[in-house]
Structures are given as C-alpha cells and as structure tokens.
Amino acid sequence: RLNMDNAFRKVLTPLEKIELSQIRLVAVIELKNKTIAMVEEASGKGYEVGVGTFIGKNGGRISKIQSDRIVVSEPVRDFKGKLSERIEEIKLHKN
C-alpha cells in the first residue's frame with residue numbers, strides 16, 4: 001500500500017514552518033480515550049496537537065505523547081540515500 005499522505009498535502013501548517021527547537025511543550029492533557037498536548041511557538045501562539053500531527057520543518061510527526069514530553073519521528077536520508085527515522089523529543093517546559 002502506497003503512502004499517499006504527502007502526495008496530496010501542499011499547504012504547510014504553521015507548526016511545519018518552524019524548527020522543533022523553537023517549539024515549547026507547555027501542557028499534556030490526558031483524556032479518557034486520548035492524550036493531547038499544548039505546544040507554543042516562540043511568539044507565544046499556542047496549538048493543540050496529538051499523535052499523528054505533523055510538526056517541524058523536517059516532515060516530522062508526533063509518534064507518542066507522554067506525561068512530560070512529546071516524541072517526534074522525522075524521516076532522514078543517509079549519505080547513500082537510504083531512508084531512516086530520527087527520534088526527537090520536546091520535553092515539558094517548566095516555568
């Protein structure tokens with residue numbers, strides 16, 4: 001089965017236009033049937049995100065939300081062009 005997710009996506013969300021390093025995790029909310037997270041960009045604008053949300057400039061996607069962090073997996077190519085996955089974490093920002 002061909003993954004066509006990216007083939008039809010032309011418009012990037014605001015969260016896909018900024019580096020992961022510029023995104024702060026400010027809250028994790030555990031609901032009955034899912035967990036969501038609140039993130040904030042440098043300007044202070046907030047977004048609600050969940051597992052599967054595209055985030056960051058490198059085509060990353062949230063793969064897991066834990067009580068103190070979100071885990072983002074990004075596709076990366078090595079020098080031979082082989083595709084693999086890089087895992088990045090954004091830890092909960094404590095004031």
# chains A, B, ... in the order shown; residues from 1 in each chain; ligands from 1
call {"tool": "select_by_dssp", "arguments": {"residues": "chain A", "states": "strand (DSSP E)", "output": "JSON, numbers by chain"}}
result
{"A": [23, 24, 25, 26, 27, 28, 29, 30, 35, 36, 37, 38, 39, 40, 41, 46, 47, 48, 49, 54, 55, 60, 61, 62, 63, 64, 65, 66, 69, 70, 71, 72, 73, 74, 75, 76, 77, 83, 84, 85, 86, 87, 88, 89, 90, 91]}
call {"tool": "residues_around", "arguments": {"residues": "Ser63 of chain A", "least_positions_apart": "5", "cutoff": "8 Å", "atoms": "only C-alpha atoms", "output": "PyMOL selection string"}}
result
chain A and resi 51-52+70-73
call {"tool": "residues_around", "arguments": {"residues": "Ala37 of chain A", "least_positions_apart": "2", "cutoff": "8 Å", "atoms": "only C-alpha atoms", "output": "list of chain:residue names"}}
result
A:Leu25, A:Val26, A:Ala27, A:Val28, A:Ile29, A:Thr35, A:Val39, A:Glu48, A:Val49, A:Gly50, A:Ile65, A:Ile70
call {"tool": "write_last_selection", "arguments": {"atoms": "C-alpha atoms", "output": "PDB file, in the first residue's frame"}}
result
ATOM      1  CA  LEU A  25       5.619  21.904  25.172  1.00  0.00           C
ATOM      2  CA  VAL A  26       3.503  23.672  27.778  1.00  0.00           C
ATOM      3  CA  ALA A  27       0.905  21.074  28.802  1.00  0.00           C
ATOM      4  CA  VAL A  28      -0.100  17.431  28.402  1.00  0.00           C
ATOM      5  CA  ILE A  29      -3.781  16.624  28.854  1.00  0.00           C
ATOM      6  CA  THR A  35      -3.873  12.258  25.134  1.00  0.00           C
ATOM      7  CA  VAL A  39       2.627  23.498  22.320  1.00  0.00           C
ATOM      8  CA  GLU A  48      -3.278  21.686  20.362  1.00  0.00           C
ATOM      9  CA  VAL A  49      -1.501  18.628  18.943  1.00  0.00           C
ATOM     10  CA  GLY A  50      -1.988  14.885  19.051  1.00  0.00           C
ATOM     11  CA  ILE A  65       2.753  11.773  23.863  1.00  0.00           C
ATOM     12  CA  ILE A  70       6.216  14.556  23.049  1.00  0.00           C
TER      13      ILE A  70
END
call {"tool": "residues_around", "arguments": {"residues": "Ala42 of chain A", "least_positions_apart": "4", "cutoff": "10 Å", "atoms": "only C-alpha atoms", "output": "list in words"}}
result
Ile18, Ser21, Gln22, Ile23, Arg24 and Gly46 of chain A
call {"tool": "closest_residue", "arguments": {"among": "A:Glu40, A:Ile55, A:Lys34, A:Pro75", "to": "Leu20 of chain A", "atoms": "only C-alpha atoms"}}
result
A:Ile55
call {"tool": "atom_distance", "arguments": {"atom1": "atom CA of Gln66 of chain A", "atom2": "atom CA of Met38 of chain A"}}
result
12.3 Å
call {"tool": "atom_distance", "arguments": {"atom1": "atom CA of Arg86 of chain A", "atom2": "atom CA of Asn58 of chain A"}}
result
10.1 Å
